[in-house]
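**Q** Following this message is one structure expressed as structure tokens.
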Amino acid sequence: MSFTDEEIAFLRSQPLARLATVGAEDQPDVVPVAFEFDGSHFWVGGSGDSVLLTRKFRNVGQGRSKAALVVDDMVSFDPFVVRGVRVYGEADGPVERAGMVGPGHYLRITPTISWSWNMAGEPVGETWYESRRAVHKRPGTSAG
């Protein structure tokens, strides 16, 4: 299973996500980040060597590869309309590439499981939005 066309369009329309990595003593660390989504991977990083000193790069570089990403927005408060995608995945890097802010160092996050809700942008009804859960196969592997 993979992302739907609607989820991909939503992910590509959003400039900001919140990224959680696992820090020292298994402490989660979450930060807002600009990101890119290429249809298979999420990319987070930047130009210059100082990005390599950030906590997210240190956490991944020290072998703690589990990551979580949330991309969401509030379309309206009245009526209440929210939509979003939550991703669990594996981060690796740094990868040198030309990305959203030019050449630099990036973490590559490969999704393993994702949840999305309200891609159609409908107001909440009597119950909360139902979510869609997807299990993602690693790129280059066959479905099993």
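Each chain in the structure tokens gets a letter, A, B, ..., in the order shown, and its residues are numbered from 1; ligands are numbered from 1 in order too.
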I need the helix (DSSP H, G or I) residues of chain A per DSSP on the backbone, written as a PyMOL selection string.
**A** chain A and resi 5-13+24-26+49-53+55-61
**Q** Write out as a PDB file with C-alpha atoms, in the first residue's frame which residues come within 7 Å of region 53-65 of chain A when counting only C-alpha atoms, dropping same-chain ones fewer than 3 positions away.
**A**
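selection.pdb, freshly written:
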ATOM      1  CA  THR A  21      13.399  11.700  16.508  1.00  0.00           C
ATOM      2  CA  VAL A  22      14.610   9.663  19.456  1.00  0.00           C
ATOM      3  CA  GLY A  23      17.197  11.419  21.575  1.00  0.00           C
ATOM      4  CA  SER A  50      25.673  23.685  10.789  1.00  0.00           C
ATOM      5  CA  GLU A  90      13.084   5.128   9.431  1.00  0.00           C
ATOM      6  CA  ALA A  91      15.491   8.031   9.025  1.00  0.00           C
ATOM      7  CA  ASP A  92      18.951   7.810   7.549  1.00  0.00           C
TER       8      ASP A  92
END
**Q** Please indicate the distance in Å from CA of Phe35 (chain A) to CA of Glu6 (chain A), rounded to one decimal place.
**A**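 Taking CA of Phe35 (chain A) as the start and CA of Glu6 (chain A) as the end point, the length is 17.9 Å.
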**Q** Which residues are near Val31 (chain A)? Cut-off 9 Å, only C-alpha atoms, ignore same chain within fewer than 2 positions. Put them as a PyMOL selection string.
**A** chain A and resi 17-21+29+33+56
**Q** Of the candidates A:Val85, A:Tyr106, A:Asp78, A:Ile113, which shows the shortest atom-to-atom distance to Ser131 (chain A), using only C-alpha atoms?
**A**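 Closest to Ser131 (chain A), using only C-alpha atoms: A:Val85.
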**Q** Counting only C-alpha atoms, which residues of region 71-93 of chain A sit at most 9 Å from some atom of region 118-126 of chain A, and what is each one's closest atom pair with its distance in Å to one decimal, listed by chain and rising residue number, as CSV?
**A**
residue,atom,partner,partner_atom,distance
A:Val75,CA,A:Gly121,CA,7.2
A:Ser76,CA,A:Pro123,CA,8.3
A:Asp78,CA,A:Pro123,CA,8.7
A:Pro79,CA,A:Pro123,CA,5.9
A:Phe80,CA,A:Pro123,CA,5.5
A:Val81,CA,A:Pro123,CA,4.6
A:Val82,CA,A:Gly121,CA,6.8
A:Arg83,CA,A:Asn118,CA,4.8
A:Gly84,CA,A:Asn118,CA,7.0
A:Val85,CA,A:Met119,CA,8.8
**Q** With C-alpha atoms retained, export the selected residues as a CSV table (one decimal), in the first residue's frame.
**A**
chain,number,residue,atom,x,y,z
A,75,VAL,CA,-8.7,24.7,7.2
A,76,SER,CA,-11.3,26.4,9.4
A,78,ASP,CA,-15.9,27.6,12.4
A,79,PRO,CA,-16.9,25.2,11.1
A,80,PHE,CA,-14.1,23.0,12.6
A,81,VAL,CA,-12.1,21.5,9.7
A,82,VAL,CA,-8.7,19.9,10.1
A,83,ARG,CA,-6.8,17.4,8.0
A,84,GLY,CA,-3.5,15.7,8.2
A,85,VAL,CA,-1.1,12.9,7.7
**Q** Separation of CA of Trp115 (chain A) and CA of Val101 (chain A), in Å?
**A**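 Those two atoms sit 27.7 Å apart.
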**Q** For a quick check of understanding, using only C-alpha atoms, which of A:Val70, A:Val95, A:Val30, A:Val87 has the smallest distance to His136 (chain A)?
**A** A:Val87
**Q** Nearest residue to Trp43 (chain A) out of A:Gly99, A:Gly89, A:Pro111, A:Gly104, using only C-alpha atoms?
**A**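 The shortest atom-to-atom distance to Trp43 (chain A) comes from A:Gly99.
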**Q** Restricting the calculation to only C-alpha atoms: of A:Thr127, A:Lys137, A:Ala98, A:Thr110, which residue gets closest to Gly46 (chain A)?
**A**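 Closest residue, counting only C-alpha atoms: A:Ala98.
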**Q** Could you tell me which of A:Arg97, A:Arg133, A:Arg108, A:Arg86 comes closest to Phe37 (chain A) if we count only C-alpha atoms?
**A**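 Of the candidates, the smallest distance to Phe37 (chain A) is held by A:Arg108.
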**Q** Within chain A, find each residue whose DSSP state, derived from the backbone, is strand (DSSP E or B), and express the selection as a ChimeraX atom specification.
**A** /A:16-22,28-34,36-37,42-46,66-76,81-99,102-117,131-135
**Q** Go through A:Glu36, A:Glu96, A:Asp49, A:Glu130 one by one, measure the shortest atom-to-atom distance of each to Leu11 (chain A) using only C-alpha atoms, and give the residue with the smallest value.
**A**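 Result for the nearest residue to Leu11 (chain A): A:Glu36.
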**Q** Report, in Å with one decimal, the straight-line distance from CA of Tyr88 (chain A) to CA of Gly48 (chain A).
**A**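 About the pair CA of Tyr88 (chain A) and CA of Gly48 (chain A): they are 27.3 Å apart.
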